[in-house]
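Novice: Sharing a structure, written as structure tokens. Questions coming.
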Amino acid sequence: MKPNQLSPSAIVANWKRDKNYKNKMGFNTKWPEFVNFKEGIQWTESAKAKWKNFTFITINQCNFIIKNRKSNILSRSLKVVFEPEEVPEGQEELEQELSEKAKDFTALAANTWEDVMQDQLNNDVVDDALTIGTGLVHYYFDDSYKGTGKKVVVGKLCGHTIDATDIALGNPLLKPYELDKQPFIIVKTYEDTEQVKAYAKENGENYMLITSDVDTDEEYDSGKNDVERSDKTVCYTMYYKQDGEMHWTKVTGGATVQKPKRLSPSNYKITMYPISMLVLEERKRCTYGRSALEDAISVQKAINFLYSMIAYGVQQASWPKIIAKAGALLQSITNVPGEIITDHDKTGAGDPIKYMQIPSFSGQPQNLIDNLTAALRQTTGSDQTISGEAIGANMAAAAVLALQNQAKKPNDYAEKQLYAFNKRVGKIWEQMFKAYYILPRPIIMEDRKGRKTSKEITPSDYADIKFGMTVDVGPGGDFNESIQLTVIENMYNKGDLTKYEYVKYAPNNLIPQDMKLDFEEQAEEMEQAKQMGGVPDIMSGLTPDEQAYLQQNPQILQEMGV
């Protein structure tokens, strides 16, 4: 990229070019509307002014759709697992060494997963992808961090979500999975003015031109316009590739905060943008995705209006209009229960005071609401089967499970997209581990029995090793605790599990932790006794009938650990 393309004016121009594209696509109008409908802000001020006597009812189906789809997409636990690439035959020692190093990186990734709170980031990015169509997470290295343990640790990986309005893509016509083909990516942030000036003085140019400013490009609200920004400066961080390697620079509207430099501080080359994007429903020739609410809002408006009309009809029937002849009423009517109204009519004509005739109340609006709600939930993948409503009372558990698994089919693709999102996250972490972690770092590992151990590794020493990577998917809704218990009980009754193994694998909320620990100790003592020859030959002391009975029921011996 040429130097003149990295100037503050050029970067801001590229930002405005992306803004114009979003305006042309209608994103800057649609996205705040999607957010408002999800958060229950569904009646406009003009509508409230038009129908002053309405009770403005909101039955928030949009939030229901987002919550149910999100809970199903996030129903499984995830983790990234590194694997050694294929090793030529006859090099078993190398294969063993690479397997151990892959386990080290898997443990480091597991520690990082907790440090960056990846589960929460996944929750936020899925919420964004469902609500506005695009979820984004940005990862960076915080070199100000100092470890709190005995081992001195400097710096760590961090991550945060980015609003789709706070990013600009060099080519917004590419597919979401072609993120690394983007010519550049710009991330907008709001940072403390004095800190920006101090950093620019050491690393940039024209730091004296940096002042607190108001972001004039801000058209998508989400609460930002209400935040006091008198001490903030709008910064633009631009990532771009040069000779296949990732570089970056940071500017304000008129100054350079960070001169262009390599993203990697070491000899290792980072080739991926440190950003992962989640799109669950793609648009034709567009990187940004479609919202799950895109087709639901018109139905949501109709449901709200119909419910409000029904409430208004009930209100009119409960307090109908009163017709009074001239002179019949000399007082105002308050509609207080038990109120006495005096008829002052002197003509003697009949019914000088009476209610206006009320039209018959139709049941069609409620039928229409029911049909619209059912169609909306079905087309958005959040109907009553998947949400657990109205089923299960008179159905077998297996039937309920089968129905729910079938109803989850529309979300299968979304789950796969989330796995691909986390696979990219793992590859970003791998490159950043190798580039930034140049000193020994402690990692926490678990053995097969779940016991935690600690060791030190230097990730930069693994720079020349090529790892494969998968996303390990844990059990979710289709293997819940009741099914887990059923499987364990069947295996125990068949003699495939001892009582010690039964207690070990039973759900945690079934057996107290103290009991589990006691059984683990008993199992270890029995194993030690067997290894030392301390378990007697029980068969030798039994009668032939007793021996035959034990041979027919081997689970008894298994329970005894023999």
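In the structure tokens, chains take letters A, B, ... by order of appearance, with residues numbered from 1 within each chain and ligands from 1 in the order shown.
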Among range 146-380 of chain A, which residues carry a DSSP assignment of strand (DSSP E or B), reported as a count of residues only?
Specialist: 60
Novice: What lies within 12 Å of Gly133 in chain A using only C-alpha atoms, ignoring chain neighbours under 3 positions off, as a ChimeraX atom specification?
Specialist: /A:27,30-32,34-35,66,125-130,136,163-165,176,277-283,286-294,414
Novice: Report the distance between CA of Pro320 in chain A and CA of Lys301 in chain A in Å, rounded to one decimal place.
Specialist: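 Between these atoms lies a distance of 27.2 Å.
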Novice: State, in Å with one decimal place, the distance from CA of Leu157 in chain A to CA of Thr233 in chain A.
Specialist: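 One can read the CA of Leu157 in chain A to CA of Thr233 in chain A distance as 24.3 Å.
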Novice: Write out as an mmCIF file with all heavy atoms, in the first residue's frame which residues come within 12 Å of range 39-55 of chain A when counting only C-alpha atoms, dropping same-chain ones fewer than 2 positions away.
Specialist:
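Final file, result04.cif:
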data_model
loop_
_atom_site.group_PDB
_atom_site.id
_atom_site.type_symbol
_atom_site.label_atom_id
_atom_site.label_comp_id
_atom_site.auth_asym_id
_atom_site.auth_seq_id
_atom_site.Cartn_x
_atom_site.Cartn_y
_atom_site.Cartn_z
ATOM 1 N N PRO A 32 -30.657 0.380 13.330
ATOM 2 C CA PRO A 32 -31.243 0.874 14.573
ATOM 3 C C PRO A 32 -32.683 0.408 14.777
ATOM 4 O O PRO A 32 -33.118 0.214 15.913
ATOM 5 C CB PRO A 32 -31.149 2.398 14.438
ATOM 6 C CG PRO A 32 -30.927 2.669 13.008
ATOM 7 C CD PRO A 32 -30.209 1.492 12.459
ATOM 8 N N GLU A 33 -33.428 0.224 13.672
ATOM 9 C CA GLU A 33 -34.799 -0.274 13.799
ATOM 10 C C GLU A 33 -34.803 -1.705 14.328
ATOM 11 O O GLU A 33 -35.616 -2.050 15.198
ATOM 12 C CB GLU A 33 -35.520 -0.223 12.446
ATOM 13 C CG GLU A 33 -36.982 -0.656 12.534
ATOM 14 C CD GLU A 33 -37.680 -0.632 11.195
ATOM 15 O OE1 GLU A 33 -37.018 -0.912 10.165
ATOM 16 O OE2 GLU A 33 -38.895 -0.348 11.161
ATOM 17 N N PHE A 34 -33.874 -2.548 13.837
ATOM 18 C CA PHE A 34 -33.787 -3.921 14.342
ATOM 19 C C PHE A 34 -33.489 -3.934 15.836
ATOM 20 O O PHE A 34 -34.083 -4.707 16.596
ATOM 21 C CB PHE A 34 -32.690 -4.687 13.590
ATOM 22 C CG PHE A 34 -32.947 -4.858 12.116
ATOM 23 C CD1 PHE A 34 -31.895 -4.980 11.221
ATOM 24 C CD2 PHE A 34 -34.232 -4.878 11.615
ATOM 25 C CE1 PHE A 34 -32.115 -5.136 9.862
ATOM 26 C CE2 PHE A 34 -34.474 -5.035 10.257
ATOM 27 C CZ PHE A 34 -33.414 -5.159 9.385
ATOM 28 N N VAL A 35 -32.555 -3.086 16.253
ATOM 29 C CA VAL A 35 -32.190 -3.023 17.676
ATOM 30 C C VAL A 35 -33.382 -2.567 18.510
ATOM 31 O O VAL A 35 -33.679 -3.138 19.568
ATOM 32 C CB VAL A 35 -30.984 -2.083 17.883
ATOM 33 C CG1 VAL A 35 -30.717 -1.875 19.374
ATOM 34 C CG2 VAL A 35 -29.735 -2.657 17.209
ATOM 35 N N ASN A 36 -34.095 -1.550 18.032
ATOM 36 C CA ASN A 36 -35.247 -1.043 18.775
ATOM 37 C C ASN A 36 -36.337 -2.095 18.913
ATOM 38 O O ASN A 36 -36.928 -2.254 19.991
ATOM 39 C CB ASN A 36 -35.817 0.204 18.090
ATOM 40 C CG ASN A 36 -34.951 1.430 18.304
ATOM 41 O OD1 ASN A 36 -34.168 1.493 19.246
ATOM 42 N ND2 ASN A 36 -35.074 2.410 17.422
ATOM 43 N N PHE A 37 -36.619 -2.818 17.840
ATOM 44 C CA PHE A 37 -37.672 -3.830 17.911
ATOM 45 C C PHE A 37 -37.279 -4.973 18.842
ATOM 46 O O PHE A 37 -38.129 -5.502 19.556
ATOM 47 C CB PHE A 37 -38.007 -4.351 16.513
ATOM 48 C CG PHE A 37 -39.139 -3.609 15.870
ATOM 49 C CD1 PHE A 37 -38.958 -2.333 15.377
ATOM 50 C CD2 PHE A 37 -40.400 -4.175 15.785
ATOM 51 C CE1 PHE A 37 -39.996 -1.626 14.803
ATOM 52 C CE2 PHE A 37 -41.461 -3.485 15.217
ATOM 53 C CZ PHE A 37 -41.258 -2.200 14.728
ATOM 54 N N ILE A 57 -49.950 -1.495 23.019
ATOM 55 C CA ILE A 57 -49.520 -2.812 23.501
ATOM 56 C C ILE A 57 -48.352 -3.312 22.661
ATOM 57 O O ILE A 57 -48.351 -3.191 21.428
ATOM 58 C CB ILE A 57 -50.686 -3.812 23.451
ATOM 59 C CG1 ILE A 57 -51.774 -3.387 24.449
ATOM 60 C CG2 ILE A 57 -50.202 -5.230 23.772
ATOM 61 C CD1 ILE A 57 -53.010 -4.250 24.403
ATOM 62 N N THR A 58 -47.348 -3.892 23.328
ATOM 63 C CA THR A 58 -46.199 -4.501 22.645
ATOM 64 C C THR A 58 -46.078 -5.958 23.098
ATOM 65 O O THR A 58 -45.825 -6.227 24.264
ATOM 66 C CB THR A 58 -44.899 -3.752 22.970
ATOM 67 O OG1 THR A 58 -45.005 -2.405 22.504
ATOM 68 C CG2 THR A 58 -43.712 -4.429 22.300
ATOM 69 N N ILE A 59 -46.310 -6.874 22.186
ATOM 70 C CA ILE A 59 -46.086 -8.306 22.429
ATOM 71 C C ILE A 59 -44.797 -8.647 21.691
ATOM 72 O O ILE A 59 -44.803 -8.889 20.485
ATOM 73 C CB ILE A 59 -47.252 -9.173 21.924
ATOM 74 C CG1 ILE A 59 -48.580 -8.677 22.523
ATOM 75 C CG2 ILE A 59 -47.017 -10.638 22.260
ATOM 76 C CD1 ILE A 59 -48.668 -8.798 24.015
ATOM 77 N N ASN A 60 -43.671 -8.651 22.403
ATOM 78 C CA ASN A 60 -42.363 -8.632 21.761
ATOM 79 C C ASN A 60 -41.959 -9.997 21.211
ATOM 80 O O ASN A 60 -41.213 -10.751 21.822
ATOM 81 C CB ASN A 60 -41.308 -8.130 22.748
ATOM 82 C CG ASN A 60 -40.056 -7.663 22.028
ATOM 83 O OD1 ASN A 60 -39.835 -7.973 20.869
ATOM 84 N ND2 ASN A 60 -39.229 -6.906 22.727
ATOM 85 N N GLN A 61 -42.472 -10.310 20.021
ATOM 86 C CA GLN A 61 -42.090 -11.546 19.342
ATOM 87 C C GLN A 61 -40.654 -11.475 18.827
ATOM 88 O O GLN A 61 -39.981 -12.498 18.715
ATOM 89 C CB GLN A 61 -43.046 -11.819 18.178
ATOM 90 C CG GLN A 61 -44.475 -12.120 18.591
ATOM 91 C CD GLN A 61 -44.594 -13.434 19.324
ATOM 92 O OE1 GLN A 61 -43.855 -14.378 19.053
ATOM 93 N NE2 GLN A 61 -45.528 -13.508 20.259
ATOM 94 N N CYS A 62 -40.169 -10.271 18.520
ATOM 95 C CA CYS A 62 -38.805 -10.131 17.997
ATOM 96 C C CYS A 62 -37.776 -10.590 19.031
ATOM 97 O O CYS A 62 -36.833 -11.314 18.702
ATOM 98 C CB CYS A 62 -38.558 -8.680 17.595
ATOM 99 S SG CYS A 62 -39.475 -8.151 16.128
ATOM 100 N N ASN A 63 -37.945 -10.147 20.269
ATOM 101 C CA ASN A 63 -37.021 -10.579 21.320
ATOM 102 C C ASN A 63 -37.147 -12.068 21.575
ATOM 103 O O ASN A 63 -36.156 -12.761 21.837
ATOM 104 C CB ASN A 63 -37.295 -9.793 22.606
ATOM 105 C CG ASN A 63 -36.217 -10.016 23.645
ATOM 106 O OD1 ASN A 63 -35.032 -10.031 23.336
ATOM 107 N ND2 ASN A 63 -36.613 -10.193 24.892
ATOM 108 N N PHE A 64 -38.370 -12.596 21.496
ATOM 109 C CA PHE A 64 -38.593 -14.031 21.650
ATOM 110 C C PHE A 64 -37.819 -14.815 20.587
ATOM 111 O O PHE A 64 -37.175 -15.830 20.882
ATOM 112 C CB PHE A 64 -40.092 -14.325 21.545
ATOM 113 C CG PHE A 64 -40.461 -15.776 21.621
ATOM 114 C CD1 PHE A 64 -40.725 -16.368 22.841
ATOM 115 C CD2 PHE A 64 -40.557 -16.555 20.477
ATOM 116 C CE1 PHE A 64 -41.071 -17.707 22.920
ATOM 117 C CE2 PHE A 64 -40.897 -17.887 20.542
ATOM 118 C CZ PHE A 64 -41.162 -18.476 21.770
ATOM 119 N N ILE A 65 -37.873 -14.336 19.351
ATOM 120 C CA ILE A 65 -37.164 -15.012 18.254
ATOM 121 C C ILE A 65 -35.663 -15.012 18.504
ATOM 122 O O ILE A 65 -34.994 -16.042 18.370
ATOM 123 C CB ILE A 65 -37.493 -14.308 16.917
ATOM 124 C CG1 ILE A 65 -38.953 -14.552 16.534
ATOM 125 C CG2 ILE A 65 -36.560 -14.794 15.803
ATOM 126 C CD1 ILE A 65 -39.439 -13.652 15.408
ATOM 127 N N ILE A 66 -35.113 -13.843 18.870
ATOM 128 C CA ILE A 66 -33.675 -13.734 19.092
ATOM 129 C C ILE A 66 -33.237 -14.644 20.241
ATOM 130 O O ILE A 66 -32.251 -15.386 20.127
ATOM 131 C CB ILE A 66 -33.275 -12.273 19.389
ATOM 132 C CG1 ILE A 66 -33.575 -11.372 18.192
ATOM 133 C CG2 ILE A 66 -31.794 -12.189 19.758
ATOM 134 C CD1 ILE A 66 -32.805 -11.685 16.944
ATOM 135 N N LYS A 67 -33.963 -14.608 21.361
ATOM 136 C CA LYS A 67 -33.567 -15.402 22.534
ATOM 137 C C LYS A 67 -33.611 -16.887 22.242
ATOM 138 O O LYS A 67 -32.697 -17.628 22.631
ATOM 139 C CB LYS A 67 -34.473 -15.069 23.725
ATOM 140 C CG LYS A 67 -34.197 -13.730 24.367
ATOM 141 C CD LYS A 67 -34.816 -13.630 25.747
ATOM 142 C CE LYS A 67 -36.302 -13.819 25.727
ATOM 143 N NZ LYS A 67 -36.911 -13.619 27.052
ATOM 144 N N THR A 131 -29.524 -10.073 15.343
ATOM 145 C CA THR A 131 -30.256 -8.805 15.432
ATOM 146 C C THR A 131 -30.040 -7.924 14.200
ATOM 147 O O THR A 131 -31.007 -7.479 13.570
ATOM 148 C CB THR A 131 -29.853 -8.034 16.696
ATOM 149 O OG1 THR A 131 -30.075 -8.858 17.846
ATOM 150 C CG2 THR A 131 -30.679 -6.761 16.837
ATOM 151 N N SER A 222 -27.717 3.487 19.030
ATOM 152 C CA SER A 222 -27.454 2.469 20.047
ATOM 153 C C SER A 222 -26.921 3.104 21.323
ATOM 154 O O SER A 222 -26.098 2.540 22.036
ATOM 155 C CB SER A 222 -26.450 1.434 19.529
ATOM 156 O OG SER A 222 -26.493 0.259 20.293
ATOM 157 N N ILE A 297 -40.458 -7.826 11.195
ATOM 158 C CA ILE A 297 -40.907 -6.550 11.757
ATOM 159 C C ILE A 297 -42.296 -6.175 11.267
ATOM 160 O O ILE A 297 -43.125 -5.665 12.041
ATOM 161 C CB ILE A 297 -39.880 -5.447 11.447
ATOM 162 C CG1 ILE A 297 -38.651 -5.632 12.348
ATOM 163 C CG2 ILE A 297 -40.464 -4.071 11.638
ATOM 164 C CD1 ILE A 297 -37.578 -4.605 12.168
ATOM 165 N N SER A 298 -42.590 -6.424 9.989
ATOM 166 C CA SER A 298 -43.931 -6.082 9.486
ATOM 167 C C SER A 298 -45.001 -6.893 10.211
ATOM 168 O O SER A 298 -46.084 -6.361 10.519
ATOM 169 C CB SER A 298 -44.002 -6.326 7.977
ATOM 170 O OG SER A 298 -43.727 -7.687 7.673
ATOM 171 N N VAL A 299 -44.717 -8.165 10.485
ATOM 172 C CA VAL A 299 -45.667 -8.994 11.231
ATOM 173 C C VAL A 299 -45.774 -8.509 12.672
ATOM 174 O O VAL A 299 -46.862 -8.473 13.250
ATOM 175 C CB VAL A 299 -45.240 -10.477 11.189
ATOM 176 C CG1 VAL A 299 -46.215 -11.345 11.970
ATOM 177 C CG2 VAL A 299 -45.145 -10.967 9.753
ATOM 178 N N GLN A 300 -44.627 -8.124 13.270
ATOM 179 C CA GLN A 300 -44.631 -7.614 14.634
ATOM 180 C C GLN A 300 -45.497 -6.361 14.739
ATOM 181 O O GLN A 300 -46.269 -6.197 15.696
ATOM 182 C CB GLN A 300 -43.204 -7.303 15.072
ATOM 183 C CG GLN A 300 -43.084 -6.666 16.447
ATOM 184 C CD GLN A 300 -43.378 -7.619 17.571
ATOM 185 O OE1 GLN A 300 -42.580 -8.478 17.898
ATOM 186 N NE2 GLN A 300 -44.552 -7.481 18.174
ATOM 187 N N LYS A 301 -45.398 -5.470 13.759
ATOM 188 C CA LYS A 301 -46.209 -4.263 13.764
ATOM 189 C C LYS A 301 -47.698 -4.598 13.703
ATOM 190 O O LYS A 301 -48.523 -3.985 14.401
ATOM 191 C CB LYS A 301 -45.819 -3.365 12.592
ATOM 192 C CG LYS A 301 -44.454 -2.717 12.710
ATOM 193 C CD LYS A 301 -44.153 -1.874 11.479
ATOM 194 C CE LYS A 301 -42.789 -1.193 11.595
ATOM 195 N NZ LYS A 301 -42.461 -0.394 10.381
ATOM 196 N N ALA A 302 -48.042 -5.590 12.849
ATOM 197 C CA ALA A 302 -49.446 -5.983 12.716
ATOM 198 C C ALA A 302 -49.978 -6.584 14.014
ATOM 199 O O ALA A 302 -51.107 -6.296 14.430
ATOM 200 C CB ALA A 302 -49.603 -6.975 11.566
ATOM 201 N N ILE A 303 -49.166 -7.419 14.661
ATOM 202 C CA ILE A 303 -49.591 -8.044 15.920
ATOM 203 C C ILE A 303 -49.830 -6.974 16.983
ATOM 204 O O ILE A 303 -50.847 -6.985 17.692
ATOM 205 C CB ILE A 303 -48.548 -9.069 16.384
ATOM 206 C CG1 ILE A 303 -48.539 -10.284 15.447
ATOM 207 C CG2 ILE A 303 -48.813 -9.517 17.823
ATOM 208 C CD1 ILE A 303 -47.423 -11.274 15.730
ATOM 209 N N ASN A 304 -48.890 -6.043 17.119
ATOM 210 C CA ASN A 304 -49.055 -4.972 18.099
ATOM 211 C C ASN A 304 -50.312 -4.144 17.820
ATOM 212 O O ASN A 304 -51.067 -3.810 18.748
ATOM 213 C CB ASN A 304 -47.826 -4.050 18.094
ATOM 214 C CG ASN A 304 -46.591 -4.717 18.667
ATOM 215 O OD1 ASN A 304 -46.673 -5.753 19.314
ATOM 216 N ND2 ASN A 304 -45.441 -4.120 18.424
ATOM 217 N N PHE A 305 -50.534 -3.813 16.543
ATOM 218 C CA PHE A 305 -51.680 -2.986 16.186
ATOM 219 C C PHE A 305 -52.988 -3.727 16.468
ATOM 220 O O PHE A 305 -53.950 -3.138 16.998
ATOM 221 C CB PHE A 305 -51.604 -2.591 14.712
ATOM 222 C CG PHE A 305 -52.711 -1.684 14.264
ATOM 223 C CD1 PHE A 305 -52.712 -0.345 14.600
ATOM 224 C CD2 PHE A 305 -53.768 -2.180 13.514
ATOM 225 C CE1 PHE A 305 -53.738 0.504 14.202
ATOM 226 C CE2 PHE A 305 -54.802 -1.346 13.109
ATOM 227 C CZ PHE A 305 -54.782 -0.007 13.455
ATOM 228 N N LEU A 306 -53.038 -5.022 16.125
ATOM 229 C CA LEU A 306 -54.266 -5.790 16.344
ATOM 230 C C LEU A 306 -54.572 -5.934 17.828
ATOM 231 O O LEU A 306 -55.728 -5.799 18.251
ATOM 232 C CB LEU A 306 -54.135 -7.168 15.687
ATOM 233 C CG LEU A 306 -54.193 -7.179 14.157
ATOM 234 C CD1 LEU A 306 -53.797 -8.551 13.619
ATOM 235 C CD2 LEU A 306 -55.583 -6.787 13.663
ATOM 236 N N TYR A 307 -53.550 -6.205 18.628
ATOM 237 C CA TYR A 307 -53.779 -6.303 20.070
ATOM 238 C C TYR A 307 -54.261 -4.958 20.632
ATOM 239 O O TYR A 307 -55.138 -4.899 21.500
ATOM 240 C CB TYR A 307 -52.496 -6.735 20.787
ATOM 241 C CG TYR A 307 -52.377 -8.221 20.986
ATOM 242 C CD1 TYR A 307 -51.342 -8.955 20.408
ATOM 243 C CD2 TYR A 307 -53.292 -8.919 21.779
ATOM 244 C CE1 TYR A 307 -51.232 -10.321 20.587
ATOM 245 C CE2 TYR A 307 -53.186 -10.288 21.964
ATOM 246 C CZ TYR A 307 -52.151 -10.986 21.362
ATOM 247 O OH TYR A 307 -52.049 -12.333 21.548
ATOM 248 N N SER A 308 -53.686 -3.878 20.150
ATOM 249 C CA SER A 308 -54.100 -2.558 20.620
ATOM 250 C C SER A 308 -55.528 -2.243 20.189
ATOM 251 O O SER A 308 -56.303 -1.625 20.942
ATOM 252 C CB SER A 308 -53.137 -1.490 20.087
ATOM 253 O OG SER A 308 -51.835 -1.698 20.581
ATOM 254 N N MET A 309 -55.898 -2.681 18.979
ATOM 255 C CA MET A 309 -57.274 -2.489 18.517
ATOM 256 C C MET A 309 -58.253 -3.271 19.380
ATOM 257 O O MET A 309 -59.338 -2.773 19.721
ATOM 258 C CB MET A 309 -57.391 -2.925 17.054
ATOM 259 C CG MET A 309 -56.812 -1.952 16.056
ATOM 260 S SD MET A 309 -57.824 -0.455 15.907
ATOM 261 C CE MET A 309 -59.275 -1.119 15.111
ATOM 262 N N ILE A 310 -57.879 -4.520 19.723
ATOM 263 C CA ILE A 310 -58.743 -5.328 20.588
ATOM 264 C C ILE A 310 -58.913 -4.640 21.944
ATOM 265 O O ILE A 310 -60.032 -4.538 22.477
ATOM 266 C CB ILE A 310 -58.163 -6.742 20.759
ATOM 267 C CG1 ILE A 310 -58.247 -7.518 19.436
ATOM 268 C CG2 ILE A 310 -58.901 -7.507 21.858
ATOM 269 C CD1 ILE A 310 -57.534 -8.856 19.474
ATOM 270 N N ALA A 311 -57.809 -4.177 22.510
ATOM 271 C CA ALA A 311 -57.885 -3.483 23.803
ATOM 272 C C ALA A 311 -58.733 -2.215 23.686
ATOM 273 O O ALA A 311 -59.511 -1.889 24.598
ATOM 274 C CB ALA A 311 -56.480 -3.135 24.292
ATOM 275 N N TYR A 312 -58.607 -1.518 22.558
ATOM 276 C CA TYR A 312 -59.398 -0.303 22.353
ATOM 277 C C TYR A 312 -60.881 -0.647 22.233
ATOM 278 O O TYR A 312 -61.747 0.077 22.754
ATOM 279 C CB TYR A 312 -58.909 0.409 21.099
ATOM 280 C CG TYR A 312 -59.608 1.726 20.828
ATOM 281 C CD1 TYR A 312 -59.463 2.799 21.703
ATOM 282 C CD2 TYR A 312 -60.399 1.895 19.701
ATOM 283 C CE1 TYR A 312 -60.094 4.006 21.467
ATOM 284 C CE2 TYR A 312 -61.036 3.099 19.453
ATOM 285 C CZ TYR A 312 -60.879 4.147 20.340
ATOM 286 O OH TYR A 312 -61.511 5.354 20.097
ATOM 287 N N GLY A 313 -61.182 -1.770 21.545
ATOM 288 C CA GLY A 313 -62.571 -2.199 21.419
ATOM 289 C C GLY A 313 -63.177 -2.542 22.773
ATOM 290 O O GLY A 313 -64.330 -2.205 23.053
ATOM 291 N N VAL A 314 -62.409 -3.245 23.621
ATOM 292 C CA VAL A 314 -62.882 -3.565 24.969
ATOM 293 C C VAL A 314 -63.098 -2.279 25.761
ATOM 294 O O VAL A 314 -64.067 -2.144 26.518
ATOM 295 C CB VAL A 314 -61.871 -4.491 25.681
ATOM 296 C CG1 VAL A 314 -62.258 -4.687 27.150
ATOM 297 C CG2 VAL A 314 -61.788 -5.834 24.982
ATOM 298 N N GLN A 315 -62.189 -1.335 25.601
ATOM 299 C CA GLN A 315 -62.319 -0.047 26.296
ATOM 300 C C GLN A 315 -63.599 0.670 25.866
ATOM 301 O O GLN A 315 -64.348 1.201 26.707
ATOM 302 C CB GLN A 315 -61.110 0.811 25.971
ATOM 303 C CG GLN A 315 -61.166 2.244 26.490
ATOM 304 C CD GLN A 315 -59.971 3.063 26.040
ATOM 305 O OE1 GLN A 315 -58.847 2.593 26.084
ATOM 306 N NE2 GLN A 315 -60.217 4.288 25.592
ATOM 307 N N GLN A 316 -63.897 0.669 24.589
ATOM 308 C CA GLN A 316 -65.089 1.335 24.087
ATOM 309 C C GLN A 316 -66.367 0.642 24.549
ATOM 310 O O GLN A 316 -67.389 1.283 24.790
ATOM 311 C CB GLN A 316 -65.065 1.397 22.551
ATOM 312 C CG GLN A 316 -63.973 2.286 21.977
ATOM 313 C CD GLN A 316 -64.170 3.737 22.351
ATOM 314 O OE1 GLN A 316 -63.703 4.177 23.399
ATOM 315 N NE2 GLN A 316 -64.869 4.482 21.513
#
Novice: Would you pick out the contacts of Glu456 in chain A at 7 Å or less, using only C-alpha atoms, so that residues sharing its chain but fewer than 5 positions from it are not included, and give the list as a list in words?
Specialist: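 Everything that qualifies: Pro440, Arg441, Pro442 and Ile443 of chain A.
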Novice: Running DSSP on the backbone, which parts of range 109-261 of chain A land in alpha helix (DSSP H), as a count of residues only?
Specialist: 32
Novice: Pick out the residues sitting within 8 Å of range 244-257 of chain A, and hand them over as a PyMOL selection string; count only C-alpha atoms, and ignore anything fewer than 2 positions along from it in its own chain.
Specialist: chain A and resi 6-9+11-12+196-197+199-201+203-207+209-210+233-242+259-264+269-273
